[in-house]
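Engineer: My questions all concern the structure below.
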Amino acid sequence: MYRKNCFSSSIVSLSVYFVLLMVQGQGQVTTPVRVGFYSRTCPRAELIVKQTVEAHFNSNPSVAPGLLRMHFHDCFVQGCDASVLLDGANTEKTAAPNRGLRGWEVIDDAKTKLEAACPGVVSCADILALAARDSVVLTKGFSWNVPTGRRDGRVSLASETSNLPGFRDSVDVQKAKFQALGLNTQDLVTLVGGHTIGTSACQFFRYRLYNFTTTGNGADPTINPLFLSQLQSLCPQNGDATRPVDLDVGSANQFDATFFRNLQNGRGILESDQKLWTDASTKSFVQGFLGVRGLQALNFNVEFGRSMVKMSNIGVKSSTNGEIRHICSAIN
């Protein structure tokens with residue numbers, strides 16, 4: 001456990017160069033997070049991360065959704081400070097929601113290369129933010145400008161991962177967790193759309209398929225009946241709980257808006273995802289991404305980049321409460 005003494009398709013043009021951030025436990029401070037932060041101190045930093053992610057992706061495409069999810073899980077606990085990367089007893093990495101994360105070796109590889117090129121300059125938190133963006137691009141999503149200049153945190157507690165959204169959460173609970181970090185309902189729907197790539201194990205949704213209700217066939221009634229039989233064949237009641245199933249059936253390897261079409265058609269895998277369609281406060285945003293007539297049309301890839309920048313500014317550490325780690329899995 002770590003504690004501190006005190007607490008590519010097209011470019012989305014995002015003009016975020018200098019941001020006033022609320023740093024957790026520190027009050028309002030000016031943190032120099034801006035696009036191109038390393039342009040003088042380590043000009044090849046973003047290229048090194050991009051090439052490293054691409055090399056790993058080419059041999060194992062599953063690292064893309066893994067890195068995207070890792071960044072998300074990092075930002076929701078202690079802010080975007082690479083606390084999820086720290087090894088040790090009772091760190092975030094050991095908590096149940098993070099045991100299925102993948103891509104640790106990609107971050108370590110990028111850090112090793114960056115330390116060789118620019119020792120002590122690029123933070124692990126920035127590597128993770130850049131790697132998440134590069135993962136989206138590799139799966140045919142849009143790119144966006146990533147503000148950099150974060151410091152790495154010194155605190156990582158498994159007990160704080162309760163802040164992470166859960167697969168059984170109601171929409172109200174999901175909204176509360178996002179709002180607590182300055183993210184609104186559109187950000188919620190947009191960022192959950194990251195499930196357009198990657199998989200989930202049967203153990204996280206099989207309960208929806210059997211004995212969910214005491215009426216009818218016992219399954220979650222929001223599941224499309226034809227899709228239900230497909231899921232039951234993939235995840236038998238007493239089958240392998242760890243078997244992976246695509247979160248965006250039919251388009252799991254491409255970053256696009258078909259995830260929302262699946263929600264509309266009752267083909268969402270996670271209960272928390274499918275609820276975005278059945279709850280009126282989130283349904284309108286899903287419909288916006290689907291281009292439903294009469295509603296404001298939303299471009300999923302464009303909005304995803306914007307919401308990612310917003311999320312990546314949560315709890316950014318400064319030089320007073322952070323550091324540049326030499327190794328991403330351990331504090332200096």
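Quick note on naming: the chains in the structure tokens go A, B, ... in the order shown, residues restart at 1 in each chain, and ligands are numbered from 1 in order of appearance.
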For Lys317 of chain A, work out the shell of residues within 7 Å, counting only C-alpha atoms and skipping chain neighbours fewer than 6 positions away, then give it as number ranges by chain.
Structural biologist: A: 23, 81, 150-153
Engineer: With N, CA, C and O atoms retained, could you export that selection as a PDB file, in the first residue's frame?
Structural biologist:
```pdb
ATOM      1  N   VAL A  23      -7.306  20.190  -8.034  1.00  0.00           N
ATOM      2  CA  VAL A  23      -6.519  19.036  -7.648  1.00  0.00           C
ATOM      3  C   VAL A  23      -7.063  18.509  -6.331  1.00  0.00           C
ATOM      4  O   VAL A  23      -7.235  19.261  -5.380  1.00  0.00           O
ATOM      5  N   ASP A  81      -3.524  10.085 -12.414  1.00  0.00           N
ATOM      6  CA  ASP A  81      -2.172  10.214 -11.848  1.00  0.00           C
ATOM      7  C   ASP A  81      -1.381   8.909 -11.872  1.00  0.00           C
ATOM      8  O   ASP A  81      -0.375   8.780 -11.179  1.00  0.00           O
ATOM      9  N   ARG A 150       0.967  16.114 -16.699  1.00  0.00           N
ATOM     10  CA  ARG A 150       0.540  15.543 -15.419  1.00  0.00           C
ATOM     11  C   ARG A 150       1.742  15.035 -14.628  1.00  0.00           C
ATOM     12  O   ARG A 150       2.747  14.644 -15.200  1.00  0.00           O
ATOM     13  N   ARG A 151       1.599  14.996 -13.312  1.00  0.00           N
ATOM     14  CA  ARG A 151       2.568  14.330 -12.462  1.00  0.00           C
ATOM     15  C   ARG A 151       1.960  13.022 -11.965  1.00  0.00           C
ATOM     16  O   ARG A 151       0.734  12.850 -11.947  1.00  0.00           O
ATOM     17  N   ASP A 152       2.802  12.121 -11.551  1.00  0.00           N
ATOM     18  CA  ASP A 152       2.358  10.823 -11.028  1.00  0.00           C
ATOM     19  C   ASP A 152       2.060  10.923  -9.543  1.00  0.00           C
ATOM     20  O   ASP A 152       2.812  11.548  -8.789  1.00  0.00           O
ATOM     21  N   GLY A 153       0.983  10.285  -9.125  1.00  0.00           N
ATOM     22  CA  GLY A 153       0.596  10.314  -7.723  1.00  0.00           C
ATOM     23  C   GLY A 153       1.388   9.331  -6.884  1.00  0.00           C
ATOM     24  O   GLY A 153       2.060   8.443  -7.394  1.00  0.00           O
TER      25      GLY A 153
END
```
Engineer: Quick one: residues within 10 Å of Ser281 of chain A, only C-alpha atoms counted, chain neighbours fewer than 2 positions away excluded, as a PyMOL selection string?
Structural biologist: chain A and resi 171-172+175+185-186+276-279+283-286
Engineer: From a DSSP pass on the backbone, collect the residues of segment 8-218 of chain A flagged as strand (DSSP E or B) and hand them back as a list in words.
Structural biologist: Ile11, Val12, Val19, Leu20, Leu21, Met22, Val23, Gly27, Gln28, Val29, Thr30, Thr31, Arg34, Ser143, Trp144, Thr148, Arg151, Asp152, Ser156, Thr199, Ser200 and Ala201 of chain A
Engineer: Just to be explicit: take each residue in the selection above, keep N, CA, C and O atoms, and write the result as a PDB file, in the first residue's frame.
Structural biologist:
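Saved to selection36.pdb:
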```
ATOM      1  N   ILE A  11      -8.383  14.322 -37.217  1.00  0.00           N
ATOM      2  CA  ILE A  11      -8.005  14.905 -35.940  1.00  0.00           C
ATOM      3  C   ILE A  11      -9.156  15.753 -35.414  1.00  0.00           C
ATOM      4  O   ILE A  11      -9.696  16.584 -36.118  1.00  0.00           O
ATOM      5  N   VAL A  12      -9.543  15.489 -34.203  1.00  0.00           N
ATOM      6  CA  VAL A  12     -10.518  16.341 -33.538  1.00  0.00           C
ATOM      7  C   VAL A  12      -9.748  17.524 -32.979  1.00  0.00           C
ATOM      8  O   VAL A  12      -8.868  17.366 -32.143  1.00  0.00           O
ATOM      9  N   VAL A  19      -4.974  24.748 -18.491  1.00  0.00           N
ATOM     10  CA  VAL A  19      -6.210  24.464 -17.792  1.00  0.00           C
ATOM     11  C   VAL A  19      -6.073  24.739 -16.311  1.00  0.00           C
ATOM     12  O   VAL A  19      -5.069  24.377 -15.704  1.00  0.00           O
ATOM     13  N   LEU A  20      -7.081  25.410 -15.733  1.00  0.00           N
ATOM     14  CA  LEU A  20      -7.139  25.554 -14.286  1.00  0.00           C
ATOM     15  C   LEU A  20      -7.880  24.350 -13.737  1.00  0.00           C
ATOM     16  O   LEU A  20      -9.029  24.126 -14.089  1.00  0.00           O
ATOM     17  N   LEU A  21      -7.207  23.584 -12.897  1.00  0.00           N
ATOM     18  CA  LEU A  21      -7.773  22.320 -12.428  1.00  0.00           C
ATOM     19  C   LEU A  21      -7.953  22.305 -10.931  1.00  0.00           C
ATOM     20  O   LEU A  21      -7.156  22.871 -10.194  1.00  0.00           O
ATOM     21  N   MET A  22      -8.980  21.580 -10.494  1.00  0.00           N
ATOM     22  CA  MET A  22      -9.169  21.343  -9.079  1.00  0.00           C
ATOM     23  C   MET A  22      -8.419  20.061  -8.729  1.00  0.00           C
ATOM     24  O   MET A  22      -8.824  18.970  -9.102  1.00  0.00           O
ATOM     25  N   VAL A  23      -7.306  20.190  -8.034  1.00  0.00           N
ATOM     26  CA  VAL A  23      -6.519  19.036  -7.648  1.00  0.00           C
ATOM     27  C   VAL A  23      -7.063  18.509  -6.331  1.00  0.00           C
ATOM     28  O   VAL A  23      -7.235  19.261  -5.380  1.00  0.00           O
ATOM     29  N   GLY A  27      -7.166  22.089  -3.358  1.00  0.00           N
ATOM     30  CA  GLY A  27      -7.818  23.352  -3.685  1.00  0.00           C
ATOM     31  C   GLY A  27      -7.530  23.766  -5.122  1.00  0.00           C
ATOM     32  O   GLY A  27      -6.989  23.005  -5.906  1.00  0.00           O
ATOM     33  N   GLN A  28      -7.889  25.001  -5.446  1.00  0.00           N
ATOM     34  CA  GLN A  28      -7.728  25.479  -6.820  1.00  0.00           C
ATOM     35  C   GLN A  28      -6.280  25.890  -7.075  1.00  0.00           C
ATOM     36  O   GLN A  28      -5.741  26.768  -6.423  1.00  0.00           O
ATOM     37  N   VAL A  29      -5.636  25.211  -8.014  1.00  0.00           N
ATOM     38  CA  VAL A  29      -4.257  25.522  -8.341  1.00  0.00           C
ATOM     39  C   VAL A  29      -4.104  25.571  -9.851  1.00  0.00           C
ATOM     40  O   VAL A  29      -4.897  25.021 -10.586  1.00  0.00           O
ATOM     41  N   THR A  30      -3.070  26.236 -10.286  1.00  0.00           N
ATOM     42  CA  THR A  30      -2.780  26.277 -11.713  1.00  0.00           C
ATOM     43  C   THR A  30      -1.818  25.148 -12.052  1.00  0.00           C
ATOM     44  O   THR A  30      -0.712  25.099 -11.539  1.00  0.00           O
ATOM     45  N   THR A  31      -2.280  24.245 -12.898  1.00  0.00           N
ATOM     46  CA  THR A  31      -1.465  23.107 -13.296  1.00  0.00           C
ATOM     47  C   THR A  31      -1.174  23.225 -14.790  1.00  0.00           C
ATOM     48  O   THR A  31      -2.111  23.314 -15.586  1.00  0.00           O
ATOM     49  N   ARG A  34      -1.097  21.096 -20.891  1.00  0.00           N
ATOM     50  CA  ARG A  34      -1.356  21.713 -22.188  1.00  0.00           C
ATOM     51  C   ARG A  34      -0.907  20.777 -23.307  1.00  0.00           C
ATOM     52  O   ARG A  34      -0.067  19.895 -23.105  1.00  0.00           O
ATOM     53  N   SER A 143      -8.716  10.714 -33.764  1.00  0.00           N
ATOM     54  CA  SER A 143      -7.696  11.141 -32.824  1.00  0.00           C
ATOM     55  C   SER A 143      -8.142  12.426 -32.140  1.00  0.00           C
ATOM     56  O   SER A 143      -9.143  13.042 -32.523  1.00  0.00           O
ATOM     57  N   TRP A 144      -7.437  12.826 -31.120  1.00  0.00           N
ATOM     58  CA  TRP A 144      -7.659  14.118 -30.474  1.00  0.00           C
ATOM     59  C   TRP A 144      -6.352  14.574 -29.848  1.00  0.00           C
ATOM     60  O   TRP A 144      -5.445  13.779 -29.612  1.00  0.00           O
ATOM     61  N   THR A 148      -0.885  17.399 -21.954  1.00  0.00           N
ATOM     62  CA  THR A 148       0.068  16.656 -21.120  1.00  0.00           C
ATOM     63  C   THR A 148       0.714  17.596 -20.098  1.00  0.00           C
ATOM     64  O   THR A 148       0.532  18.798 -20.146  1.00  0.00           O
ATOM     65  N   ARG A 151       1.599  14.996 -13.312  1.00  0.00           N
ATOM     66  CA  ARG A 151       2.568  14.330 -12.462  1.00  0.00           C
ATOM     67  C   ARG A 151       1.960  13.022 -11.965  1.00  0.00           C
ATOM     68  O   ARG A 151       0.734  12.850 -11.947  1.00  0.00           O
ATOM     69  N   ASP A 152       2.802  12.121 -11.551  1.00  0.00           N
ATOM     70  CA  ASP A 152       2.358  10.823 -11.028  1.00  0.00           C
ATOM     71  C   ASP A 152       2.060  10.923  -9.543  1.00  0.00           C
ATOM     72  O   ASP A 152       2.812  11.548  -8.789  1.00  0.00           O
ATOM     73  N   SER A 156      -2.153   4.943  -3.685  1.00  0.00           N
ATOM     74  CA  SER A 156      -2.913   3.942  -4.428  1.00  0.00           C
ATOM     75  C   SER A 156      -3.549   2.988  -3.430  1.00  0.00           C
ATOM     76  O   SER A 156      -2.858   2.203  -2.786  1.00  0.00           O
ATOM     77  N   THR A 199     -14.095  -6.763 -24.637  1.00  0.00           N
ATOM     78  CA  THR A 199     -14.958  -7.872 -24.222  1.00  0.00           C
ATOM     79  C   THR A 199     -15.291  -7.790 -22.735  1.00  0.00           C
ATOM     80  O   THR A 199     -14.701  -7.007 -21.987  1.00  0.00           O
ATOM     81  N   SER A 200     -16.240  -8.612 -22.331  1.00  0.00           N
ATOM     82  CA  SER A 200     -16.552  -8.805 -20.919  1.00  0.00           C
ATOM     83  C   SER A 200     -16.642 -10.302 -20.668  1.00  0.00           C
ATOM     84  O   SER A 200     -17.074 -11.059 -21.541  1.00  0.00           O
ATOM     85  N   ALA A 201     -16.250 -10.732 -19.489  1.00  0.00           N
ATOM     86  CA  ALA A 201     -16.358 -12.149 -19.135  1.00  0.00           C
ATOM     87  C   ALA A 201     -17.799 -12.487 -18.781  1.00  0.00           C
ATOM     88  O   ALA A 201     -18.550 -11.649 -18.270  1.00  0.00           O
TER      89      ALA A 201
END
```
Engineer: Could you tell me, as an mmCIF file with N, CA and C atoms, in the first residue's frame, which residues of segment 143-242 of chain A DSSP assigns to alpha helix (DSSP H) when given the backbone?
Structural biologist:
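The new file result-v7.cif reads:
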```cif
data_model
loop_
_atom_site.group_PDB
_atom_site.id
_atom_site.type_symbol
_atom_site.label_atom_id
_atom_site.label_comp_id
_atom_site.auth_asym_id
_atom_site.auth_seq_id
_atom_site.Cartn_x
_atom_site.Cartn_y
_atom_site.Cartn_z
ATOM 1 N N VAL A 171 -28.756 3.914 -13.565
ATOM 2 C CA VAL A 171 -28.335 5.140 -14.239
ATOM 3 C C VAL A 171 -28.123 6.258 -13.224
ATOM 4 N N ASP A 172 -28.966 6.328 -12.211
ATOM 5 C CA ASP A 172 -28.804 7.363 -11.193
ATOM 6 C C ASP A 172 -27.461 7.225 -10.471
ATOM 7 N N VAL A 173 -27.076 6.006 -10.161
ATOM 8 C CA VAL A 173 -25.784 5.778 -9.501
ATOM 9 C C VAL A 173 -24.644 6.128 -10.447
ATOM 10 N N GLN A 174 -24.770 5.726 -11.702
ATOM 11 C CA GLN A 174 -23.733 6.064 -12.681
ATOM 12 C C GLN A 174 -23.589 7.577 -12.814
ATOM 13 N N LYS A 175 -24.709 8.280 -12.906
ATOM 14 C CA LYS A 175 -24.656 9.732 -13.048
ATOM 15 C C LYS A 175 -24.015 10.381 -11.822
ATOM 16 N N ALA A 176 -24.337 9.863 -10.652
ATOM 17 C CA ALA A 176 -23.773 10.425 -9.424
ATOM 18 C C ALA A 176 -22.261 10.266 -9.394
ATOM 19 N N LYS A 177 -21.759 9.100 -9.830
ATOM 20 C CA LYS A 177 -20.322 8.849 -9.834
ATOM 21 C C LYS A 177 -19.613 9.754 -10.834
ATOM 22 N N PHE A 178 -20.231 9.986 -11.968
ATOM 23 C CA PHE A 178 -19.634 10.867 -12.970
ATOM 24 C C PHE A 178 -19.708 12.323 -12.521
ATOM 25 N N GLN A 179 -20.854 12.726 -12.004
ATOM 26 C CA GLN A 179 -21.028 14.120 -11.587
ATOM 27 C C GLN A 179 -20.079 14.490 -10.459
ATOM 28 N N THR A 185 -24.104 14.110 -17.838
ATOM 29 C CA THR A 185 -24.787 12.929 -18.379
ATOM 30 C C THR A 185 -24.335 12.611 -19.794
ATOM 31 N N GLN A 186 -24.092 13.637 -20.612
ATOM 32 C CA GLN A 186 -23.588 13.353 -21.959
ATOM 33 C C GLN A 186 -22.213 12.711 -21.897
ATOM 34 N N ASP A 187 -21.364 13.169 -20.997
ATOM 35 C CA ASP A 187 -20.053 12.545 -20.834
ATOM 36 C C ASP A 187 -20.208 11.075 -20.442
ATOM 37 N N LEU A 188 -21.148 10.801 -19.557
ATOM 38 C CA LEU A 188 -21.396 9.422 -19.132
ATOM 39 C C LEU A 188 -21.708 8.527 -20.319
ATOM 40 N N VAL A 189 -22.706 8.919 -21.092
ATOM 41 C CA VAL A 189 -23.110 8.097 -22.235
ATOM 42 C C VAL A 189 -21.972 7.973 -23.244
ATOM 43 N N THR A 190 -21.283 9.076 -23.474
ATOM 44 C CA THR A 190 -20.191 9.090 -24.451
ATOM 45 C C THR A 190 -19.059 8.158 -24.025
ATOM 46 N N LEU A 191 -18.630 8.271 -22.790
ATOM 47 C CA LEU A 191 -17.490 7.481 -22.326
ATOM 48 C C LEU A 191 -17.841 6.002 -22.185
ATOM 49 N N VAL A 192 -19.077 5.692 -21.794
ATOM 50 C CA VAL A 192 -19.497 4.292 -21.768
ATOM 51 C C VAL A 192 -19.455 3.720 -23.183
ATOM 52 N N PRO A 225 -35.005 -11.239 -27.345
ATOM 53 C CA PRO A 225 -35.183 -12.698 -27.211
ATOM 54 C C PRO A 225 -34.243 -13.524 -28.092
ATOM 55 N N LEU A 226 -34.029 -13.088 -29.322
ATOM 56 C CA LEU A 226 -33.124 -13.822 -30.198
ATOM 57 C C LEU A 226 -31.685 -13.721 -29.706
ATOM 58 N N PHE A 227 -31.335 -12.556 -29.194
ATOM 59 C CA PHE A 227 -29.994 -12.347 -28.668
ATOM 60 C C PHE A 227 -29.793 -13.142 -27.385
ATOM 61 N N LEU A 228 -30.867 -13.304 -26.613
ATOM 62 C CA LEU A 228 -30.788 -14.066 -25.369
ATOM 63 C C LEU A 228 -30.303 -15.495 -25.623
ATOM 64 N N SER A 229 -30.870 -16.149 -26.618
ATOM 65 C CA SER A 229 -30.460 -17.525 -26.906
ATOM 66 C C SER A 229 -29.005 -17.585 -27.343
ATOM 67 N N GLN A 230 -28.564 -16.545 -28.047
ATOM 68 C CA GLN A 230 -27.164 -16.479 -28.476
ATOM 69 C C GLN A 230 -26.240 -16.349 -27.270
ATOM 70 N N LEU A 231 -26.620 -15.494 -26.334
ATOM 71 C CA LEU A 231 -25.804 -15.310 -25.134
ATOM 72 C C LEU A 231 -25.811 -16.559 -24.255
ATOM 73 N N GLN A 232 -26.948 -17.216 -24.184
ATOM 74 C CA GLN A 232 -27.024 -18.428 -23.362
ATOM 75 C C GLN A 232 -26.146 -19.542 -23.928
ATOM 76 N N SER A 233 -26.006 -19.577 -25.244
ATOM 77 C CA SER A 233 -25.115 -20.589 -25.841
ATOM 78 C C SER A 233 -23.653 -20.242 -25.588
ATOM 79 N N LEU A 234 -23.350 -18.944 -25.504
ATOM 80 C CA LEU A 234 -21.982 -18.513 -25.223
ATOM 81 C C LEU A 234 -21.646 -18.658 -23.740
#
```
Engineer: Quote the spacing between atom CA of Ala110 of chain A and atom CA of Pro165 of chain A in Å to one decimal place.
Structural biologist: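 Value for the atom CA of Ala110 of chain A-atom CA of Pro165 of chain A distance: 28.2 Å.
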Engineer: Hey, can you check how far atom CA of Met311 of chain A sits from atom CA of Thr242 of chain A?
Structural biologist: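 Distance reported for this atom pair: 29.6 Å.
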Engineer: What is the distance, in Å and to one decimal place, between atom CA of Ala89 of chain A and atom CA of Val77 of chain A?
Structural biologist: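 One can read the atom CA of Ala89 of chain A to atom CA of Val77 of chain A distance as 16.7 Å.
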Engineer: Can you tell me, as a list of chain:residue names, what residues are no more than 10 Å from Phe204 of chain A when counting only C-alpha atoms, ignoring any on the same chain fewer than 3 positions away?
Structural biologist: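 So the residues in contact are A:Gly166, A:Phe167, A:Arg168, A:Ser200, A:Ala201, A:Tyr207, A:Arg208, A:Ala241, A:Thr242, A:Ile269, A:Leu270, A:Glu271.
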Engineer: Go ahead and write the selection's residues with N, CA, C and O atoms as a short mmCIF file (atom, residue, chain, number, x, y, z; two decimals), in the first residue's frame.
Structural biologist:
```
data_model
loop_
_atom_site.label_atom_id
_atom_site.label_comp_id
_atom_site.auth_asym_id
_atom_site.auth_seq_id
_atom_site.Cartn_x
_atom_site.Cartn_y
_atom_site.Cartn_z
N GLY A 166 -20.03 0.47 -11.71
CA GLY A 166 -20.15 -0.99 -11.70
C GLY A 166 -21.15 -1.49 -12.72
O GLY A 166 -22.05 -0.76 -13.15
N PHE A 167 -21.03 -2.76 -13.09
CA PHE A 167 -21.87 -3.31 -14.16
C PHE A 167 -23.33 -3.50 -13.74
O PHE A 167 -24.19 -3.72 -14.57
N ARG A 168 -23.63 -3.40 -12.44
CA ARG A 168 -25.01 -3.48 -11.97
C ARG A 168 -25.59 -2.09 -11.62
O ARG A 168 -26.75 -1.98 -11.22
N SER A 200 -16.24 -8.61 -22.33
CA SER A 200 -16.55 -8.80 -20.92
C SER A 200 -16.64 -10.30 -20.67
O SER A 200 -17.07 -11.06 -21.54
N ALA A 201 -16.25 -10.73 -19.49
CA ALA A 201 -16.36 -12.15 -19.13
C ALA A 201 -17.80 -12.49 -18.78
O ALA A 201 -18.55 -11.65 -18.27
N TYR A 207 -25.80 -13.47 -14.92
CA TYR A 207 -26.97 -13.40 -14.05
C TYR A 207 -28.19 -12.83 -14.76
O TYR A 207 -29.35 -13.06 -14.36
N ARG A 208 -27.97 -12.06 -15.83
CA ARG A 208 -29.08 -11.50 -16.60
C ARG A 208 -29.78 -12.55 -17.45
O ARG A 208 -30.93 -12.34 -17.88
N ALA A 241 -16.98 -19.18 -16.49
CA ALA A 241 -17.31 -17.81 -16.10
C ALA A 241 -16.36 -16.79 -16.70
O ALA A 241 -16.68 -15.60 -16.79
N THR A 242 -15.17 -17.23 -17.11
CA THR A 242 -14.17 -16.30 -17.62
C THR A 242 -14.21 -16.14 -19.13
O THR A 242 -13.42 -15.37 -19.68
N ILE A 269 -24.60 -5.90 -23.56
CA ILE A 269 -24.09 -7.02 -22.77
C ILE A 269 -24.22 -6.75 -21.27
O ILE A 269 -24.77 -7.57 -20.52
N LEU A 270 -23.73 -5.63 -20.83
CA LEU A 270 -23.77 -5.30 -19.41
C LEU A 270 -25.11 -4.64 -19.05
O LEU A 270 -25.64 -3.84 -19.81
N GLU A 271 -25.61 -4.97 -17.87
CA GLU A 271 -26.87 -4.38 -17.41
C GLU A 271 -26.77 -2.86 -17.36
O GLU A 271 -27.68 -2.14 -17.77
#
```
Engineer: Would you mind listing what lies within 8 Å of Phe260 of chain A as a short mmCIF file (atom, residue, chain, number, x, y, z; two decimals) with C-alpha atoms, in the first residue's frame, with only C-alpha atoms counted and same-chain residues fewer than 4 positions away left out?
Structural biologist:
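Final output, saved to part.cif:
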```cif
data_model
loop_
_atom_site.label_atom_id
_atom_site.label_comp_id
_atom_site.auth_asym_id
_atom_site.auth_seq_id
_atom_site.Cartn_x
_atom_site.Cartn_y
_atom_site.Cartn_z
CA GLY A 193 -19.50 4.16 -25.57
CA GLN A 264 -31.46 0.27 -29.10
CA VAL A 286 -27.98 7.42 -27.27
CA GLN A 287 -30.53 8.50 -29.85
CA PHE A 289 -25.47 9.26 -31.52
CA LEU A 290 -27.84 7.22 -33.70
#
```
Engineer: Rank A:Ala219, A:Ala117, A:Ala131, A:Val35 by their smallest atom-to-atom distance to Met70 of chain A, using only C-alpha atoms, and report the top residue only.
Structural biologist: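 Checking each candidate against Met70 of chain A, we get A:Ala131 as the closest.
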Engineer: Skip Ala45 of chain A itself and residues of its chain fewer than 4 positions away, then list as a short mmCIF file (atom, residue, chain, number, x, y, z; two decimals) with C-alpha atoms, in the first residue's frame all residues within 7 Å of it, counting only C-alpha atoms.
Structural biologist:
```
data_model
loop_
_atom_site.label_atom_id
_atom_site.label_comp_id
_atom_site.auth_asym_id
_atom_site.auth_seq_id
_atom_site.Cartn_x
_atom_site.Cartn_y
_atom_site.Cartn_z
CA TYR A 38 6.98 18.00 -24.01
CA VAL A 49 4.29 6.19 -27.04
CA LEU A 114 11.15 7.33 -22.78
#
```
